[in-house]
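K.L.:
First, the structure itself, so that you have it in front of you.
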Amino acid sequence: MQQYHDTEWGVPQRDSRALWEMLMLEGFQAGLSWSIILRRREAFREAFKGFEPAVVARFTQRDVARLVKNPGIIRSRAKIEATIGGARAYLAMAAAGEDFSTFAWSFVDGEPIRNTSGIVPAKTALSEKISAALKKRGFKFVGPVIVYAWMQAVGLVDDHMPGCFRSKSSRKGGKRV
């Protein structure tokens, strides 16, 4: 967890595929601890073919059956099917000319929101808005709490606590809340 915090959590991510992968992993985390997902991340990447949306979107019920039996991942049929559906939604966005990174960063005007309050919420009005936009596009397991955790993970919001060494390097620019 320390290495994840020190090198990845809250670092602004602008790559569409990586943003999508993290959103899917956050969906798998629902009801579990993030450390479980981190320990299994490589198994997830293998099982979901590198989280390449074009590949995952072609998964069939046979793939779902295979994944439900994979002990290296979270074997929730609903979450597996949501990831396949999420790949299809991602591709539909791209086909409509909507880049996933541009979509995500548009909610924060392209800059991380810096939380200087010292209070870390479970969800916000903005995560509710993004959740609704994702659901409208066909994504599942993207409720406002999951979306807020994703926003933190990919740097849309900077929730590093005052005094954290990451707060100094990641708080350049952006909007304060």
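Naming works like this for the structure tokens: A, B, ... for the chains as they're shown, residue 1 at the start of each chain, ligands 1 onward in shown order.
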If DSSP is run on the backbone, what residues of chain A are strand (DSSP E or B)? A reply as a list in words would be ideal.
P.N.:
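DSSP on the backbone gives strand (DSSP E or B) at Ile113, Arg114, Val157, Asp158, Lys175 and Arg176 of chain A.
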K.L.:
Which residues of segment 118-146 of chain A sit at most 12 Å from segment 82-96 of chain A, using only C-alpha atoms? Give each one's shortest atom pair and distance in Å (one decimal place), in chain and ascending residue order, as JSON lines.
P.N.:
{"residue": "A:Ala133", "atom": "CA", "partner": "A:Ala89", "partner_atom": "CA", "distance": 11.6}
{"residue": "A:Leu134", "atom": "CA", "partner": "A:Ala89", "partner_atom": "CA", "distance": 8.8}
{"residue": "A:Lys135", "atom": "CA", "partner": "A:Ala89", "partner_atom": "CA", "distance": 9.5}
{"residue": "A:Lys136", "atom": "CA", "partner": "A:Ala89", "partner_atom": "CA", "distance": 9.7}
{"residue": "A:Arg137", "atom": "CA", "partner": "A:Ala89", "partner_atom": "CA", "distance": 6.1}
{"residue": "A:Gly138", "atom": "CA", "partner": "A:Ala89", "partner_atom": "CA", "distance": 5.6}
{"residue": "A:Phe139", "atom": "CA", "partner": "A:Gly86", "partner_atom": "CA", "distance": 5.1}
{"residue": "A:Lys140", "atom": "CA", "partner": "A:Ala82", "partner_atom": "CA", "distance": 5.4}
{"residue": "A:Phe141", "atom": "CA", "partner": "A:Ala82", "partner_atom": "CA", "distance": 6.8}
{"residue": "A:Val142", "atom": "CA", "partner": "A:Ala82", "partner_atom": "CA", "distance": 9.5}
K.L.:
Taking the chain letters and numbering used in this document, name the residues of chain A that DSSP puts in alpha helix (DSSP H), as a ChimeraX atom specification.
P.N.:
/A:2-7,16-29,34-47,53-56,61-68,77-95,100-106,125-136,144-153,165-170
K.L.:
In Å, with one decimal, what is the gap from atom CA of Tyr148 of chain A to atom CA of Phe59 of chain A?
P.N.:
27.8 Å
K.L.:
Can you measure atom CA of Gly155 of chain A to atom CA of Ser33 of chain A for me? One decimal in Å is fine.
P.N.:
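Separation between atom CA of Gly155 of chain A and atom CA of Ser33 of chain A: 19.5 Å.
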K.L.:
Nearest to Asp158 of chain A: which of A:Arg114, A:Lys129, A:Arg14, A:Arg45 is it, counting only C-alpha atoms?
P.N.:
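Among the listed residues, A:Arg114 lies closest to Asp158 of chain A.
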K.L.:
Which one is closest to Thr116 of chain A: A:Val55, A:Glu81, A:Val68, A:Asp159? Count only C-alpha atoms.
P.N.:
A:Asp159
K.L.:
Counting only C-alpha atoms, which residue out of A:Glu52, A:Glu26, A:Glu21, A:Glu42 sits closest to Val147 of chain A?
P.N.:
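Nearest candidate to Val147 of chain A out of A:Glu52, A:Glu26, A:Glu21, A:Glu42: A:Glu26.
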K.L.:
Using only C-alpha atoms, which of A:Pro112, A:Glu98, A:Arg39, A:Ala125 sits nearest Gly143 of chain A?
P.N.:
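Under the stated criterion, the closest residue is A:Ala125.
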K.L.:
Tell me, as JSON, numbers by chain, which residues lie within 8 Å of Gly27 of chain A, counting only C-alpha atoms; anything in the same chain fewer than 2 positions away does not count.
P.N.:
{"A": [23, 24, 25, 29, 30, 79, 141, 142, 146]}
K.L.:
Go ahead and write the selection's residues with N, CA and C atoms as an mmCIF file, in the first residue's frame.
P.N.:
data_model
loop_
_atom_site.group_PDB
_atom_site.id
_atom_site.type_symbol
_atom_site.label_atom_id
_atom_site.label_comp_id
_atom_site.auth_asym_id
_atom_site.auth_seq_id
_atom_site.Cartn_x
_atom_site.Cartn_y
_atom_site.Cartn_z
ATOM 1 N N LEU A 23 -10.866 2.420 -13.433
ATOM 2 C CA LEU A 23 -12.300 2.463 -13.138
ATOM 3 C C LEU A 23 -12.857 1.050 -12.993
ATOM 4 N N MET A 24 -12.422 0.141 -13.852
ATOM 5 C CA MET A 24 -12.894 -1.236 -13.767
ATOM 6 C C MET A 24 -12.399 -1.890 -12.473
ATOM 7 N N LEU A 25 -11.141 -1.654 -12.111
ATOM 8 C CA LEU A 25 -10.616 -2.219 -10.872
ATOM 9 C C LEU A 25 -11.343 -1.654 -9.652
ATOM 10 N N GLN A 29 -13.427 -3.544 -6.616
ATOM 11 C CA GLN A 29 -13.134 -3.293 -5.210
ATOM 12 C C GLN A 29 -14.400 -3.132 -4.380
ATOM 13 N N ALA A 30 -15.519 -2.802 -4.985
ATOM 14 C CA ALA A 30 -16.758 -2.543 -4.240
ATOM 15 C C ALA A 30 -17.019 -3.632 -3.201
ATOM 16 N N LYS A 79 -19.614 -8.338 -11.597
ATOM 17 C CA LYS A 79 -18.489 -7.419 -11.814
ATOM 18 C C LYS A 79 -17.734 -7.775 -13.094
ATOM 19 N N PHE A 141 -21.371 -0.582 -11.948
ATOM 20 C CA PHE A 141 -20.457 -0.544 -10.802
ATOM 21 C C PHE A 141 -19.675 0.769 -10.804
ATOM 22 N N VAL A 142 -20.401 1.840 -11.063
ATOM 23 C CA VAL A 142 -19.810 3.177 -11.094
ATOM 24 C C VAL A 142 -20.659 4.143 -10.249
ATOM 25 N N ILE A 146 -17.681 4.669 -5.606
ATOM 26 C CA ILE A 146 -16.669 4.053 -6.466
ATOM 27 C C ILE A 146 -16.020 5.126 -7.340
#
K.L.:
Do you know which residues are at most 12 Å from Glu46 of chain A counting only C-alpha atoms, after dropping those on the same chain fewer than 5 positions away, and could you put them as a list in words?
P.N.:
Arg40, Arg41, Phe51, Glu52, Val56, Leu67, Asn70, Gly72 and Ile73 of chain A
K.L.:
With all heavy atoms retained, export the selected residues as a PDB file, in the first residue's frame.
P.N.:
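As a result, part.pdb now contains:
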ATOM      1  N   ARG A  40      -3.994  -8.468  -6.389  1.00  0.00           N
ATOM      2  CA  ARG A  40      -4.457  -9.286  -7.520  1.00  0.00           C
ATOM      3  C   ARG A  40      -4.404  -8.536  -8.853  1.00  0.00           C
ATOM      4  O   ARG A  40      -4.853  -9.058  -9.867  1.00  0.00           O
ATOM      5  CB  ARG A  40      -5.890  -9.749  -7.249  1.00  0.00           C
ATOM      6  CG  ARG A  40      -5.984 -10.643  -6.032  1.00  0.00           C
ATOM      7  CD  ARG A  40      -7.389 -11.025  -5.731  1.00  0.00           C
ATOM      8  NE  ARG A  40      -7.457 -11.838  -4.534  1.00  0.00           N
ATOM      9  CZ  ARG A  40      -8.376 -12.741  -4.310  1.00  0.00           C
ATOM     10  NH1 ARG A  40      -9.335 -12.955  -5.186  1.00  0.00           N
ATOM     11  NH2 ARG A  40      -8.371 -13.433  -3.193  1.00  0.00           N
ATOM     12  N   ARG A  41      -3.866  -7.338  -8.854  1.00  0.00           N
ATOM     13  CA  ARG A  41      -3.912  -6.524 -10.068  1.00  0.00           C
ATOM     14  C   ARG A  41      -3.270  -7.231 -11.266  1.00  0.00           C
ATOM     15  O   ARG A  41      -3.816  -7.196 -12.367  1.00  0.00           O
ATOM     16  CB  ARG A  41      -3.268  -5.160  -9.834  1.00  0.00           C
ATOM     17  CG  ARG A  41      -3.372  -4.271 -11.046  1.00  0.00           C
ATOM     18  CD  ARG A  41      -3.208  -2.804 -10.776  1.00  0.00           C
ATOM     19  NE  ARG A  41      -2.036  -2.449 -10.023  1.00  0.00           N
ATOM     20  CZ  ARG A  41      -1.662  -1.189  -9.812  1.00  0.00           C
ATOM     21  NH1 ARG A  41      -2.365  -0.191 -10.308  1.00  0.00           N
ATOM     22  NH2 ARG A  41      -0.593  -0.938  -9.096  1.00  0.00           N
ATOM     23  N   PHE A  51      -6.350  -5.393 -20.038  1.00  0.00           N
ATOM     24  CA  PHE A  51      -7.416  -4.380 -20.020  1.00  0.00           C
ATOM     25  C   PHE A  51      -7.438  -3.588 -21.325  1.00  0.00           C
ATOM     26  O   PHE A  51      -7.565  -2.372 -21.328  1.00  0.00           O
ATOM     27  CB  PHE A  51      -7.295  -3.442 -18.810  1.00  0.00           C
ATOM     28  CG  PHE A  51      -7.809  -4.058 -17.538  1.00  0.00           C
ATOM     29  CD1 PHE A  51      -6.935  -4.627 -16.619  1.00  0.00           C
ATOM     30  CD2 PHE A  51      -9.164  -4.079 -17.257  1.00  0.00           C
ATOM     31  CE1 PHE A  51      -7.406  -5.198 -15.441  1.00  0.00           C
ATOM     32  CE2 PHE A  51      -9.651  -4.649 -16.076  1.00  0.00           C
ATOM     33  CZ  PHE A  51      -8.758  -5.208 -15.170  1.00  0.00           C
ATOM     34  N   GLU A  52      -7.326  -4.316 -22.410  1.00  0.00           N
ATOM     35  CA  GLU A  52      -7.476  -3.691 -23.730  1.00  0.00           C
ATOM     36  C   GLU A  52      -8.963  -3.719 -24.064  1.00  0.00           C
ATOM     37  O   GLU A  52      -9.534  -4.802 -24.287  1.00  0.00           O
ATOM     38  CB  GLU A  52      -6.668  -4.440 -24.794  1.00  0.00           C
ATOM     39  CG  GLU A  52      -5.181  -4.243 -24.677  1.00  0.00           C
ATOM     40  CD  GLU A  52      -4.756  -2.787 -24.860  1.00  0.00           C
ATOM     41  OE1 GLU A  52      -5.449  -2.020 -25.574  1.00  0.00           O
ATOM     42  OE2 GLU A  52      -3.739  -2.407 -24.260  1.00  0.00           O
ATOM     43  N   VAL A  56     -11.457  -7.000 -24.545  1.00  0.00           N
ATOM     44  CA  VAL A  56     -12.433  -7.332 -23.498  1.00  0.00           C
ATOM     45  C   VAL A  56     -13.862  -7.230 -24.028  1.00  0.00           C
ATOM     46  O   VAL A  56     -14.722  -8.040 -23.676  1.00  0.00           O
ATOM     47  CB  VAL A  56     -12.222  -6.432 -22.259  1.00  0.00           C
ATOM     48  CG1 VAL A  56     -13.287  -6.703 -21.201  1.00  0.00           C
ATOM     49  CG2 VAL A  56     -10.819  -6.646 -21.667  1.00  0.00           C
ATOM     50  N   LEU A  67     -13.637 -16.796 -16.353  1.00  0.00           N
ATOM     51  CA  LEU A  67     -13.211 -15.815 -15.352  1.00  0.00           C
ATOM     52  C   LEU A  67     -13.823 -16.085 -13.980  1.00  0.00           C
ATOM     53  O   LEU A  67     -13.173 -15.872 -12.957  1.00  0.00           O
ATOM     54  CB  LEU A  67     -13.556 -14.404 -15.828  1.00  0.00           C
ATOM     55  CG  LEU A  67     -12.732 -13.928 -17.036  1.00  0.00           C
ATOM     56  CD1 LEU A  67     -13.325 -12.664 -17.621  1.00  0.00           C
ATOM     57  CD2 LEU A  67     -11.274 -13.747 -16.655  1.00  0.00           C
ATOM     58  N   ASN A  70     -11.586 -18.265 -12.105  1.00  0.00           N
ATOM     59  CA  ASN A  70     -10.203 -17.819 -11.930  1.00  0.00           C
ATOM     60  C   ASN A  70      -9.960 -17.404 -10.476  1.00  0.00           C
ATOM     61  O   ASN A  70     -10.458 -16.379 -10.036  1.00  0.00           O
ATOM     62  CB  ASN A  70      -9.924 -16.648 -12.877  1.00  0.00           C
ATOM     63  CG  ASN A  70      -8.485 -16.197 -12.846  1.00  0.00           C
ATOM     64  OD1 ASN A  70      -7.780 -16.359 -11.863  1.00  0.00           O
ATOM     65  ND2 ASN A  70      -8.051 -15.611 -13.951  1.00  0.00           N
ATOM     66  N   GLY A  72      -7.444 -16.114  -9.168  1.00  0.00           N
ATOM     67  CA  GLY A  72      -6.559 -14.962  -9.034  1.00  0.00           C
ATOM     68  C   GLY A  72      -7.277 -13.622  -9.015  1.00  0.00           C
ATOM     69  O   GLY A  72      -6.679 -12.602  -8.685  1.00  0.00           O
ATOM     70  N   ILE A  73      -8.561 -13.619  -9.375  1.00  0.00           N
ATOM     71  CA  ILE A  73      -9.323 -12.370  -9.428  1.00  0.00           C
ATOM     72  C   ILE A  73     -10.530 -12.457  -8.499  1.00  0.00           C
ATOM     73  O   ILE A  73     -10.758 -13.488  -7.878  1.00  0.00           O
ATOM     74  CB  ILE A  73      -9.778 -12.050 -10.871  1.00  0.00           C
ATOM     75  CG1 ILE A  73     -10.797 -13.070 -11.382  1.00  0.00           C
ATOM     76  CG2 ILE A  73      -8.576 -11.956 -11.823  1.00  0.00           C
ATOM     77  CD1 ILE A  73     -11.485 -12.688 -12.682  1.00  0.00           C
TER      78      ILE A  73
END
K.L.:
Can you tell me, as a ChimeraX atom specification, what residues are no more than 9 Å from Val157 of chain A when counting only C-alpha atoms, ignoring any on the same chain fewer than 3 positions away?
P.N.:
/A:10,12,108,111-115,148,151-154
